[in-house]
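Novice: File name protein31.json; file contents JSON, C-alpha atoms; full text below.
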```json
[["chain", "number", "residue", "atom", "x", "y", "z"],
["A", 162, "MET", "CA", -42.08, 77.90, -144.37],
["A", 163, "ARG", "CA", -38.62, 79.31, -143.69],
["A", 164, "LYS", "CA", -38.25, 82.65, -141.95],
["A", 165, "ILE", "CA", -36.48, 85.59, -143.54],
["A", 166, "TYR", "CA", -33.48, 86.74, -141.50],
["A", 167, "ILE", "CA", -32.19, 90.30, -141.52],
["A", 168, "ALA", "CA", -28.84, 89.69, -139.85],
["A", 169, "GLY", "CA", -26.59, 92.65, -139.11],
["A", 170, "ASN", "CA", -22.88, 91.91, -138.75],
["A", 171, "TRP", "CA", -21.46, 95.04, -137.13],
["A", 172, "LYS", "CA", -17.84, 93.81, -137.32],
["A", 173, "MET", "CA", -15.56, 96.25, -135.41],
["A", 174, "ASN", "CA", -17.81, 99.30, -135.65],
["A", 175, "LEU", "CA", -19.89, 101.72, -133.55],
["A", 176, "THR", "CA", -19.05, 103.31, -130.22],
["A", 177, "PHE", "CA", -20.86, 102.25, -127.06],
["A", 178, "GLN", "CA", -23.17, 105.28, -127.22],
["A", 179, "ALA", "CA", -23.97, 104.66, -130.89],
["A", 180, "ALA", "CA", -24.77, 101.02, -130.13],
["A", 181, "ASP", "CA", -26.93, 102.02, -127.16],
["A", 182, "ASP", "CA", -28.88, 104.46, -129.35],
["A", 183, "PHE", "CA", -29.31, 101.83, -132.06],
["A", 184, "PHE", "CA", -30.73, 99.24, -129.67],
["A", 185, "PHE", "CA", -33.00, 101.82, -128.02],
["A", 186, "HIS", "CA", -34.62, 102.77, -131.33],
["A", 187, "LEU", "CA", -34.75, 99.17, -132.55],
["A", 188, "ALA", "CA", -36.53, 98.11, -129.37],
["A", 189, "GLU", "CA", -39.07, 100.90, -129.88],
["A", 190, "TYR", "CA", -39.72, 99.69, -133.43],
["A", 191, "LEU", "CA", -39.97, 95.99, -132.56],
["A", 192, "GLN", "CA", -42.24, 96.62, -129.58],
["A", 193, "SER", "CA", -44.59, 98.84, -131.56],
["A", 194, "THR", "CA", -44.61, 97.02, -134.89],
["A", 195, "GLY", "CA", -43.12, 93.54, -134.67],
["A", 196, "THR", "CA", -41.75, 91.69, -137.69],
["A", 197, "GLY", "CA", -44.00, 88.67, -138.22],
["A", 198, "ASP", "CA", -42.11, 85.93, -140.08],
["A", 199, "VAL", "CA", -39.03, 88.15, -140.42],
["A", 200, "GLN", "CA", -36.34, 87.57, -137.80],
["A", 201, "ALA", "CA", -34.25, 90.57, -136.74],
["A", 202, "LEU", "CA", -30.76, 89.42, -135.81],
["A", 203, "ILE", "CA", -27.74, 91.49, -134.76],
["A", 204, "CYS", "CA", -24.15, 90.31, -134.32],
["A", 205, "PRO", "CA", -22.48, 93.15, -132.35],
["A", 206, "PRO", "CA", -18.93, 93.33, -130.95],
["A", 207, "PHE", "CA", -18.53, 91.30, -127.76],
["A", 208, "THR", "CA", -18.37, 94.52, -125.72],
["A", 209, "TYR", "CA", -22.01, 95.29, -126.55],
["A", 210, "MET", "CA", -23.44, 91.87, -125.76],
["A", 211, "GLU", "CA", -25.19, 93.02, -122.59],
["A", 212, "LEU", "CA", -26.84, 95.91, -124.44],
["A", 213, "ALA", "CA", -27.88, 93.48, -127.16],
["A", 214, "THR", "CA", -29.24, 90.73, -124.93],
["A", 215, "ASP", "CA", -31.13, 93.26, -122.78],
["A", 216, "THR", "CA", -32.88, 94.41, -125.96],
["A", 217, "ALA", "CA", -33.53, 90.83, -127.00],
["A", 218, "ASP", "CA", -35.13, 90.13, -123.61],
["A", 219, "GLN", "CA", -37.67, 92.89, -124.29],
["A", 220, "THR", "CA", -38.35, 92.17, -127.96],
["A", 221, "SER", "CA", -38.26, 89.53, -130.71],
["A", 222, "LEU", "CA", -34.64, 90.42, -131.56],
["A", 223, "SER", "CA", -32.11, 87.59, -131.73],
["A", 224, "ILE", "CA", -28.43, 88.03, -130.95],
["A", 225, "GLY", "CA", -25.39, 86.43, -132.53],
["A", 226, "ALA", "CA", -21.67, 86.58, -131.85],
["A", 227, "GLN", "CA", -19.10, 87.33, -134.52],
["A", 228, "ASN", "CA", -16.60, 84.68, -133.47],
["A", 229, "VAL", "CA", -15.95, 81.93, -130.92],
["A", 230, "SER", "CA", -12.96, 80.02, -129.59],
["A", 231, "GLN", "CA", -12.42, 76.37, -130.39],
["A", 232, "TYR", "CA", -11.66, 75.84, -126.69],
["A", 233, "ASP", "CA", -14.11, 75.46, -123.79],
["A", 234, "ASN", "CA", -12.14, 77.68, -121.38],
["A", 235, "GLY", "CA", -8.64, 78.39, -120.14],
["A", 236, "ALA", "CA", -5.68, 80.72, -120.58],
["A", 237, "PHE", "CA", -6.59, 82.14, -123.98],
["A", 238, "THR", "CA", -6.39, 85.90, -123.52],
["A", 239, "GLY", "CA", -8.86, 87.81, -125.67],
["A", 240, "GLU", "CA", -10.89, 84.77, -126.74],
["A", 241, "ILE", "CA", -14.58, 84.04, -126.05],
["A", 242, "SER", "CA", -15.90, 80.52, -125.49],
["A", 243, "ALA", "CA", -19.22, 79.04, -126.54],
["A", 244, "ASP", "CA", -19.91, 78.42, -122.84],
["A", 245, "ILE", "CA", -19.59, 82.16, -122.09],
["A", 246, "LEU", "CA", -21.80, 83.08, -125.04],
["A", 247, "SER", "CA", -24.43, 80.56, -123.98],
["A", 248, "SER", "CA", -24.44, 81.96, -120.45],
["A", 249, "MET", "CA", -25.33, 85.38, -121.91],
["A", 250, "ASP", "CA", -28.31, 84.02, -123.88],
["A", 251, "VAL", "CA", -26.62, 84.49, -127.23],
["A", 252, "GLU", "CA", -28.39, 82.30, -129.80],
["A", 253, "TYR", "CA", -26.22, 82.39, -132.92],
["A", 254, "CYS", "CA", -22.58, 82.74, -133.88],
["A", 255, "LEU", "CA", -20.82, 83.46, -137.16],
["A", 256, "VAL", "CA", -18.10, 81.01, -138.16],
["A", 257, "GLY", "CA", -15.92, 81.00, -141.24],
["A", 258, "HIS", "CA", -16.50, 84.60, -142.24],
["A", 259, "SER", "CA", -14.20, 85.50, -145.14],
["A", 260, "GLU", "CA", -12.43, 88.11, -143.00],
["A", 261, "ARG", "CA", -11.63, 85.45, -140.40],
["A", 262, "ARG", "CA", -10.42, 83.11, -143.15],
["A", 263, "GLN", "CA", -8.31, 85.71, -144.96],
["A", 264, "ILE", "CA", -7.01, 88.06, -142.26],
["A", 265, "PHE", "CA", -6.69, 85.56, -139.41],
["A", 266, "GLN", "CA", -5.92, 82.51, -141.57],
["A", 267, "GLU", "CA", -8.70, 80.36, -140.13],
["A", 268, "SER", "CA", -8.82, 76.96, -141.83],
["A", 269, "ASP", "CA", -11.83, 74.79, -142.61],
["A", 270, "SER", "CA", -10.57, 72.37, -139.94],
["A", 271, "LEU", "CA", -10.59, 75.12, -137.30],
["A", 272, "ILE", "CA", -14.05, 76.23, -138.39],
["A", 273, "ASN", "CA", -15.23, 72.63, -138.01],
["A", 274, "GLN", "CA", -13.95, 72.63, -134.41],
["A", 275, "LYS", "CA", -15.76, 75.89, -133.69],
["A", 276, "ILE", "CA", -19.03, 74.53, -135.08],
["A", 277, "GLN", "CA", -18.72, 71.51, -132.80],
["A", 278, "LYS", "CA", -18.14, 73.74, -129.76],
["A", 279, "LEU", "CA", -21.16, 75.90, -130.59],
["A", 280, "ARG", "CA", -23.39, 72.85, -130.94],
["A", 281, "LYS", "CA", -22.11, 71.48, -127.62],
["A", 282, "TYR", "CA", -23.54, 74.59, -125.94],
["A", 283, "PHE", "CA", -26.68, 74.74, -128.08],
["A", 284, "LEU", "CA", -25.78, 77.81, -130.11],
["A", 285, "ILE", "CA", -26.66, 77.89, -133.80],
["A", 286, "PRO", "CA", -23.64, 78.34, -136.08],
["A", 287, "ILE", "CA", -24.00, 80.60, -139.11],
["A", 288, "LEU", "CA", -21.46, 79.01, -141.43],
["A", 289, "CYS", "CA", -20.08, 81.46, -144.00],
["A", 290, "VAL", "CA", -18.84, 80.15, -147.34],
["A", 291, "GLY", "CA", -17.86, 81.87, -150.56],
["A", 292, "GLU", "CA", -15.36, 82.22, -153.36],
["A", 293, "SER", "CA", -12.85, 84.92, -154.30],
["A", 294, "LEU", "CA", -13.02, 86.90, -157.53],
["A", 295, "SER", "CA", -10.23, 84.86, -159.13],
["A", 296, "GLU", "CA", -11.98, 81.62, -158.19],
["A", 297, "ARG", "CA", -15.25, 82.82, -159.73],
["A", 298, "GLU", "CA", -13.56, 84.07, -162.89],
["A", 299, "SER", "CA", -11.79, 80.72, -163.30],
["A", 300, "GLY", "CA", -15.10, 78.86, -163.01],
["A", 301, "LYS", "CA", -14.35, 77.33, -159.62],
["A", 302, "ALA", "CA", -17.06, 78.98, -157.49],
["A", 303, "VAL", "CA", -19.13, 75.82, -157.07],
["A", 304, "GLU", "CA", -16.08, 73.66, -156.40],
["A", 305, "VAL", "CA", -14.75, 76.09, -153.77],
["A", 306, "VAL", "CA", -18.06, 76.39, -151.90],
["A", 307, "GLN", "CA", -18.72, 72.65, -151.96],
["A", 308, "ASN", "CA", -15.21, 72.00, -150.64],
["A", 309, "GLN", "CA", -15.77, 74.49, -147.79],
["A", 310, "LEU", "CA", -19.09, 72.86, -146.91],
["A", 311, "SER", "CA", -17.58, 69.37, -146.97],
["A", 312, "LYS", "CA", -14.62, 70.22, -144.74],
["A", 313, "CYS", "CA", -16.42, 72.55, -142.33],
["A", 314, "LEU", "CA", -19.26, 70.08, -141.77],
["A", 315, "GLU", "CA", -17.16, 66.91, -141.70],
["A", 316, "SER", "CA", -18.51, 64.41, -139.14],
["A", 317, "ILE", "CA", -21.29, 66.83, -138.16],
["A", 318, "GLU", "CA", -24.98, 65.92, -138.29],
["A", 319, "ILE", "CA", -27.44, 68.77, -138.60],
["A", 320, "ASP", "CA", -31.14, 69.05, -137.89],
["A", 321, "ASN", "CA", -32.60, 72.57, -137.67],
["A", 322, "ASP", "CA", -29.46, 73.72, -135.84],
["A", 323, "LEU", "CA", -27.40, 75.36, -138.56],
["A", 324, "MET", "CA", -27.58, 78.36, -140.87],
["A", 325, "ILE", "CA", -25.42, 79.01, -143.90],
["A", 326, "ALA", "CA", -24.43, 82.38, -145.34],
["A", 327, "TYR", "CA", -23.14, 82.57, -148.90],
["A", 328, "GLU", "CA", -20.81, 85.53, -149.14],
["A", 329, "PRO", "CA", -18.88, 85.95, -152.39],
["A", 330, "VAL", "CA", -15.62, 87.43, -151.14],
["A", 331, "TRP", "CA", -15.41, 89.78, -154.10],
["A", 332, "ALA", "CA", -18.69, 91.43, -153.10],
["A", 333, "ILE", "CA", -17.99, 92.12, -149.42],
["A", 334, "GLY", "CA", -17.47, 95.77, -148.58],
["A", 335, "THR", "CA", -16.77, 96.58, -152.23],
["A", 336, "GLY", "CA", -20.14, 98.00, -153.22],
["A", 337, "LYS", "CA", -20.40, 95.17, -155.73],
["A", 338, "THR", "CA", -22.98, 92.47, -155.34],
["A", 339, "ALA", "CA", -23.67, 89.24, -157.11],
["A", 340, "SER", "CA", -26.69, 89.51, -159.36],
["A", 341, "PRO", "CA", -29.80, 87.90, -157.89],
["A", 342, "GLN", "CA", -29.39, 85.15, -160.47],
["A", 343, "GLN", "CA", -25.73, 84.53, -159.55],
["A", 344, "ALA", "CA", -26.60, 84.45, -155.86],
["A", 345, "GLU", "CA", -29.58, 82.13, -156.40],
["A", 346, "GLU", "CA", -27.44, 79.74, -158.43],
["A", 347, "ILE", "CA", -25.07, 79.20, -155.52],
["A", 348, "HIS", "CA", -27.85, 79.16, -152.93],
["A", 349, "LYS", "CA", -29.66, 76.42, -154.85],
["A", 350, "MET", "CA", -26.43, 74.47, -155.19],
["A", 351, "ILE", "CA", -25.89, 74.70, -151.42],
["A", 352, "ARG", "CA", -29.44, 73.50, -150.74],
["A", 353, "ASP", "CA", -29.00, 70.62, -153.18],
["A", 354, "TRP", "CA", -25.69, 69.70, -151.51],
["A", 355, "ILE", "CA", -27.35, 69.69, -148.08],
["A", 356, "ALA", "CA", -30.22, 67.58, -149.45],
["A", 357, "ALA", "CA", -27.81, 64.99, -150.84],
["A", 358, "LYS", "CA", -25.91, 64.75, -147.55],
["A", 359, "TYR", "CA", -28.62, 65.25, -144.92],
["A", 360, "GLY", "CA", -31.94, 64.70, -146.67],
["A", 361, "GLU", "CA", -34.58, 66.75, -148.45],
["A", 362, "GLN", "CA", -36.39, 67.90, -145.30],
["A", 363, "VAL", "CA", -33.24, 69.22, -143.62],
["A", 364, "ALA", "CA", -32.39, 71.09, -146.82],
["A", 365, "ALA", "CA", -35.90, 72.48, -147.16],
["A", 366, "ASP", "CA", -35.80, 73.85, -143.59],
["A", 367, "LEU", "CA", -32.25, 75.23, -143.70],
["A", 368, "PRO", "CA", -31.98, 79.05, -143.83],
["A", 369, "ILE", "CA", -29.40, 80.24, -146.36],
["A", 370, "LEU", "CA", -28.53, 83.93, -146.20],
["A", 371, "TYR", "CA", -26.80, 86.06, -148.81],
["A", 372, "GLY", "CA", -23.95, 88.28, -147.67],
["A", 373, "GLY", "CA", -22.28, 90.61, -150.12],
["A", 374, "SER", "CA", -22.94, 94.35, -149.97],
["A", 375, "VAL", "CA", -26.64, 93.87, -149.16],
["A", 376, "ASN", "CA", -28.52, 97.14, -148.67],
["A", 377, "PRO", "CA", -32.05, 98.55, -148.93],
["A", 378, "ALA", "CA", -31.63, 99.13, -152.68],
["A", 379, "ASN", "CA", -30.94, 95.49, -153.62],
["A", 380, "LEU", "CA", -32.56, 93.53, -150.79],
["A", 381, "ALA", "CA", -36.02, 93.03, -152.33],
["A", 382, "GLU", "CA", -34.64, 91.63, -155.57],
["A", 383, "LEU", "CA", -32.40, 89.23, -153.67],
["A", 384, "LEU", "CA", -35.19, 88.05, -151.36],
["A", 385, "ALA", "CA", -37.42, 87.37, -154.36],
["A", 386, "GLN", "CA", -35.17, 84.40, -155.20],
["A", 387, "PRO", "CA", -36.58, 81.07, -153.96],
["A", 388, "ASP", "CA", -33.46, 79.91, -152.10],
["A", 389, "ILE", "CA", -32.36, 83.21, -150.53],
["A", 390, "ASP", "CA", -33.71, 83.42, -146.98],
["A", 391, "GLY", "CA", -32.34, 86.76, -145.90],
["A", 392, "GLY", "CA", -29.20, 88.84, -145.71],
["A", 393, "LEU", "CA", -26.00, 88.84, -143.70],
["A", 394, "ILE", "CA", -25.51, 92.58, -143.83],
["A", 395, "GLY", "CA", -22.47, 94.65, -142.98],
["A", 396, "GLY", "CA", -22.32, 98.42, -143.40],
["A", 397, "ALA", "CA", -26.02, 98.88, -144.15],
["A", 398, "SER", "CA", -26.89, 97.36, -140.76],
["A", 399, "LEU", "CA", -25.00, 100.01, -138.78],
["A", 400, "ASP", "CA", -27.58, 102.72, -139.35],
["A", 401, "ILE", "CA", -30.88, 102.21, -137.53],
["A", 402, "GLU", "CA", -32.99, 103.81, -140.28],
["A", 403, "SER", "CA", -31.36, 101.61, -142.90],
["A", 404, "TYR", "CA", -31.77, 98.48, -140.77],
["A", 405, "ILE", "CA", -35.45, 99.15, -140.06],
["A", 406, "LYS", "CA", -36.02, 99.87, -143.74],
["A", 407, "MET", "CA", -34.64, 96.42, -144.57],
["A", 408, "LEU", "CA", -36.91, 94.81, -141.98],
["A", 409, "LYS", "CA", -39.87, 96.51, -143.65],
["A", 410, "ILE", "CA", -38.75, 95.38, -147.12],
["A", 411, "ALA", "CA", -38.46, 91.80, -145.90],
["A", 412, "GLN", "CA", -41.94, 91.94, -144.33],
["A", 413, "LYS", "CA", -43.41, 92.78, -147.72],
["A", 414, "ILE", "CA", -41.85, 89.77, -149.48]]
```
Rewrite the structure of this file - the entire thing - as structure tokens.
Specialist:
Amino acid sequence: MRKIYIAGNWKMNLTFQAADDFFFHLAEYLQSTGTGDVQALICPPFTYMELATDTADQTSLSIGAQNVSQYDNGAFTGEISADILSSMDVEYCLVGHSERRQIFQESDSLINQKIQKLRKYFLIPILCVGESLSERESGKAVEVVQNQLSKCLESIEIDNDLMIAYEPVWAIGTGKTASPQQAEEIHKMIRDWIAAKYGEQVAADLPILYGGSVNPANLAELLAQPDIDGGLIGGASLDIESYIKMLKIAQKI
């Protein structure tokens, strides 16, 4: 049985003190209550990694990075390598987030390189895929997502060492969200695509998260879908009460 992941992507938010307070209260909750088959996961800014990993050492929390360099090391000012992340006991890393694709012009080929570097250092990539509003309205959502999967995973074998997050670009930070049925349709397509390429068991074990304005109000309905294994959550993960509420919702599913 696949776990449910409540993954908070903090992006470029929260001050140091706010992050410290968040982790303090989250540690209290996890130590007193636990989450069972629900995995709490936070992807903070790099500057808060020590706060995050200290909390993870004391609790069941997992930590992910928001980005990684395609290089092992060297004169790349401002970049973070998979080797550095691994040395800090980071377990996961986002790759291919729509903001990285759109704002920083990251290509599928670059994302493929990043996935290979993460796997070299035994970090689990969370591969983000998703279509724009114009692509959905023109009936190309499936084609776009399948093309991203094919190019990002080219020449890569997977076996319980990858997660995928479906994030319709038109529903990120907009307050809009795909209906549970729309989200499930793409999630099932992704699982079927993985099954055809890597086998039924790999597909059955692969966590696929939904990312697109997930919050406590819509989380339960999304998690009720058979192929949605959690949320990649932006703004709603910045508030500790909201984040804990989502953990509790997931525990009831």
Novice: Taking only C-alpha atoms into account, name the residue in A:Ile351, A:Asp233, A:Gly396, A:Gln386 that is nearest to Lys275 (chain A).
Specialist: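 Of A:Ile351, A:Asp233, A:Gly396, A:Gln386, the one nearest Lys275 (chain A) is A:Asp233, counting only C-alpha atoms.
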Novice: Need the shell around Ile276 (chain A): protein/DNA/RNA residues with any atom at most 8 Å away, counting only C-alpha atoms. Skip same-chain ones fewer than 6 positions apart. Format as a PDB file with C-alpha atoms, in the frame of the given file?
Specialist:
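Ended up saving to selection-v1.pdb:
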```
ATOM      1  CA  VAL A 256     -18.100  81.010-138.160  1.00  0.00           C
ATOM      2  CA  PRO A 286     -23.640  78.340-136.080  1.00  0.00           C
ATOM      3  CA  CYS A 313     -16.420  72.550-142.330  1.00  0.00           C
TER       4      CYS A 313
END
```
Novice: Edge lengths and centre in Å to one decimal, as JSON, is what I'm after for the box along x, y and z that holds all listed atoms of region 248-266 of chain A once 6 Å is added on each side.
Specialist:
```
{"center_x": -17.2, "center_y": 84.6, "center_z": -132.8, "size_x": 34.5, "size_y": 19.1, "size_z": 36.7}
```
Novice: Between A:Asp198, A:Ser295, A:Arg163, A:Gln178, which is the closest to Ala411 (chain A) once you count all atoms listed in the file?
Specialist: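 So, comparing all the options, the nearest one is A:Asp198.
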Novice: Rank nothing, just name the residue among A:Gln309, A:Thr196, A:Thr335, A:Asn174 nearest to Ile410 (chain A), using all atoms listed in the file.
Specialist: A:Thr196
Novice: Residues near region 345-349 of chain A, anyone? I mean within 12 Å using all atoms listed in the file, not counting same-chain ones fewer than 6 positions away, as a VMD selection string.
Specialist: chain A and resid 290 to 292 297 301 to 307 325 to 329 339 355 to 356 364 to 365 367 to 372 382 to 391
Novice: What is the CA of Val375 (chain A)-CA of Ala332 (chain A) distance in Å, reported with one decimal?
Specialist: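 Atom-to-atom, CA of Val375 (chain A) and CA of Ala332 (chain A) are spaced 9.2 Å apart.
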Novice: Can you pull out the residues contacting region 209-212 of chain A? Cut-off 9 Å, using all atoms listed in the file, and skip same-chain residues under 6 positions away; I want them as a list in words.
Specialist: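 Once the adjacent positions are removed, what remains is Phe177, Ala180, Asp181, Phe184, Ile224, Gly225, Ala226, Leu246, Met249 and Val251 of chain A.
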Novice: In Å, rounded to a single decimal, give me how far CA of Ser374 (chain A) is from CA of Ile333 (chain A).
Specialist: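 It comes out at 5.5 Å.
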Novice: With all atoms listed in the file as the counted atoms, please give the residues lying no more than 8 Å from Asn376 (chain A), apart from itself and same-chain residues fewer than 5 positions off, as number ranges by chain.
Specialist: A: 394, 397, 403, 407
Novice: Show me as an NGL selection string the residues that reach within 8 Å of (-12.4, 84.8, -149.5), counting all atoms listed in the file and using the file's own coordinates.
Specialist: :A and (259-260 or 262-263 or 291-293 or 329-331)
Novice: Considering all atoms listed in the file, return as a list in words whatever protein or nucleic-acid residues lie within 8 Å of Ile401 (chain A), sequence-local ones (same chain, fewer than 6 positions apart) excluded.
Specialist: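 Contacts, in chain order: Phe183, His186 and Leu187 of chain A.
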Novice: State, in Å with one decimal place, the distance from CA of Leu255 (chain A) to CA of Gly300 (chain A).
Specialist: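 Atom-to-atom, CA of Leu255 (chain A) and CA of Gly300 (chain A) are spaced 26.9 Å apart.
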Novice: Using all atoms listed in the file, what residues lie at most 8 Å away from (-18.9, 94.0, -131.9) (file coordinates), given as a PDB file with C-alpha atoms, in the coordinates of the input?
Specialist:
```
ATOM      1  CA  TRP A 171     -21.460  95.040-137.130  1.00  0.00           C
ATOM      2  CA  LYS A 172     -17.840  93.810-137.320  1.00  0.00           C
ATOM      3  CA  MET A 173     -15.560  96.250-135.410  1.00  0.00           C
ATOM      4  CA  ASN A 174     -17.810  99.300-135.650  1.00  0.00           C
ATOM      5  CA  LEU A 175     -19.890 101.720-133.550  1.00  0.00           C
ATOM      6  CA  CYS A 204     -24.150  90.310-134.320  1.00  0.00           C
ATOM      7  CA  PRO A 205     -22.480  93.150-132.350  1.00  0.00           C
ATOM      8  CA  PRO A 206     -18.930  93.330-130.950  1.00  0.00           C
ATOM      9  CA  PHE A 207     -18.530  91.300-127.760  1.00  0.00           C
ATOM     10  CA  THR A 208     -18.370  94.520-125.720  1.00  0.00           C
ATOM     11  CA  TYR A 209     -22.010  95.290-126.550  1.00  0.00           C
ATOM     12  CA  MET A 210     -23.440  91.870-125.760  1.00  0.00           C
ATOM     13  CA  ALA A 226     -21.670  86.580-131.850  1.00  0.00           C
ATOM     14  CA  GLN A 227     -19.100  87.330-134.520  1.00  0.00           C
TER      15      GLN A 227
END
```
Novice: Check the smallest atom-to-atom distance from each of A:Pro377, A:Met350, A:Ile203, A:Lys278 to Tyr166 (chain A) using all atoms listed in the file, then report the winner.
Specialist: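 Ranked by minimum distance to Tyr166 (chain A), first place goes to A:Ile203.
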Novice: Of the candidates A:Asn228, A:Thr176, A:Ser268, A:Asn170, which one gets nearest to Leu202 (chain A) if we count only C-alpha atoms?
Specialist: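 Comparing A:Asn228, A:Thr176, A:Ser268, A:Asn170 against Leu202 (chain A), the winner is A:Asn170.
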Novice: Kindly reconstruct region 380-401 of chain A with N, CA and C atoms and present the result as a compact mmCIF listing (two decimals), in the frame of the given file.
Specialist:
```txt
# COMPACT_ATOMS: atom_id res chain seq x y z
N LEU A 380 -32.05 94.61 -151.63
CA LEU A 380 -32.56 93.53 -150.79
C LEU A 380 -33.80 92.86 -151.38
N ALA A 381 -34.76 93.62 -151.84
CA ALA A 381 -36.02 93.03 -152.33
C ALA A 381 -35.78 92.08 -153.48
N GLU A 382 -34.91 92.47 -154.40
CA GLU A 382 -34.64 91.63 -155.57
C GLU A 382 -33.95 90.34 -155.16
N LEU A 383 -33.06 90.43 -154.16
CA LEU A 383 -32.40 89.23 -153.67
C LEU A 383 -33.39 88.30 -152.96
N LEU A 384 -34.24 88.87 -152.12
CA LEU A 384 -35.19 88.05 -151.36
C LEU A 384 -36.26 87.42 -152.25
N ALA A 385 -36.44 87.95 -153.44
CA ALA A 385 -37.42 87.37 -154.36
C ALA A 385 -36.97 86.01 -154.90
N GLN A 386 -35.69 85.68 -154.72
CA GLN A 386 -35.17 84.40 -155.20
C GLN A 386 -35.62 83.28 -154.26
N PRO A 387 -35.97 82.12 -154.79
CA PRO A 387 -36.58 81.07 -153.96
C PRO A 387 -35.68 80.48 -152.88
N ASP A 388 -34.35 80.54 -153.07
CA ASP A 388 -33.46 79.91 -152.10
C ASP A 388 -32.68 80.90 -151.26
N ILE A 389 -33.02 82.19 -151.35
CA ILE A 389 -32.36 83.21 -150.53
C ILE A 389 -33.29 83.58 -149.38
N ASP A 390 -32.84 83.29 -148.16
CA ASP A 390 -33.71 83.42 -146.98
C ASP A 390 -33.36 84.61 -146.11
N GLY A 391 -32.67 85.58 -146.67
CA GLY A 391 -32.34 86.76 -145.90
C GLY A 391 -30.95 87.26 -146.23
N GLY A 392 -30.49 88.24 -145.46
CA GLY A 392 -29.20 88.84 -145.71
C GLY A 392 -28.31 88.84 -144.49
N LEU A 393 -27.03 88.59 -144.72
CA LEU A 393 -26.00 88.84 -143.70
C LEU A 393 -25.38 90.16 -144.11
N ILE A 394 -25.68 91.20 -143.36
CA ILE A 394 -25.51 92.58 -143.83
C ILE A 394 -24.47 93.30 -142.99
N GLY A 395 -23.53 93.93 -143.66
CA GLY A 395 -22.47 94.65 -142.98
C GLY A 395 -22.80 96.11 -142.78
N GLY A 396 -22.20 96.98 -143.60
CA GLY A 396 -22.32 98.42 -143.40
C GLY A 396 -23.73 98.95 -143.33
N ALA A 397 -24.64 98.38 -144.13
CA ALA A 397 -26.02 98.88 -144.15
C ALA A 397 -26.78 98.55 -142.87
N SER A 398 -26.22 97.70 -142.02
CA SER A 398 -26.89 97.36 -140.76
C SER A 398 -26.45 98.25 -139.61
N LEU A 399 -25.52 99.16 -139.86
CA LEU A 399 -25.00 100.01 -138.78
C LEU A 399 -25.87 101.22 -138.51
N ASP A 400 -26.69 101.57 -139.47
CA ASP A 400 -27.58 102.72 -139.35
C ASP A 400 -28.99 102.23 -139.04
N ILE A 401 -29.59 102.73 -137.98
CA ILE A 401 -30.88 102.21 -137.53
C ILE A 401 -31.97 102.42 -138.58
```
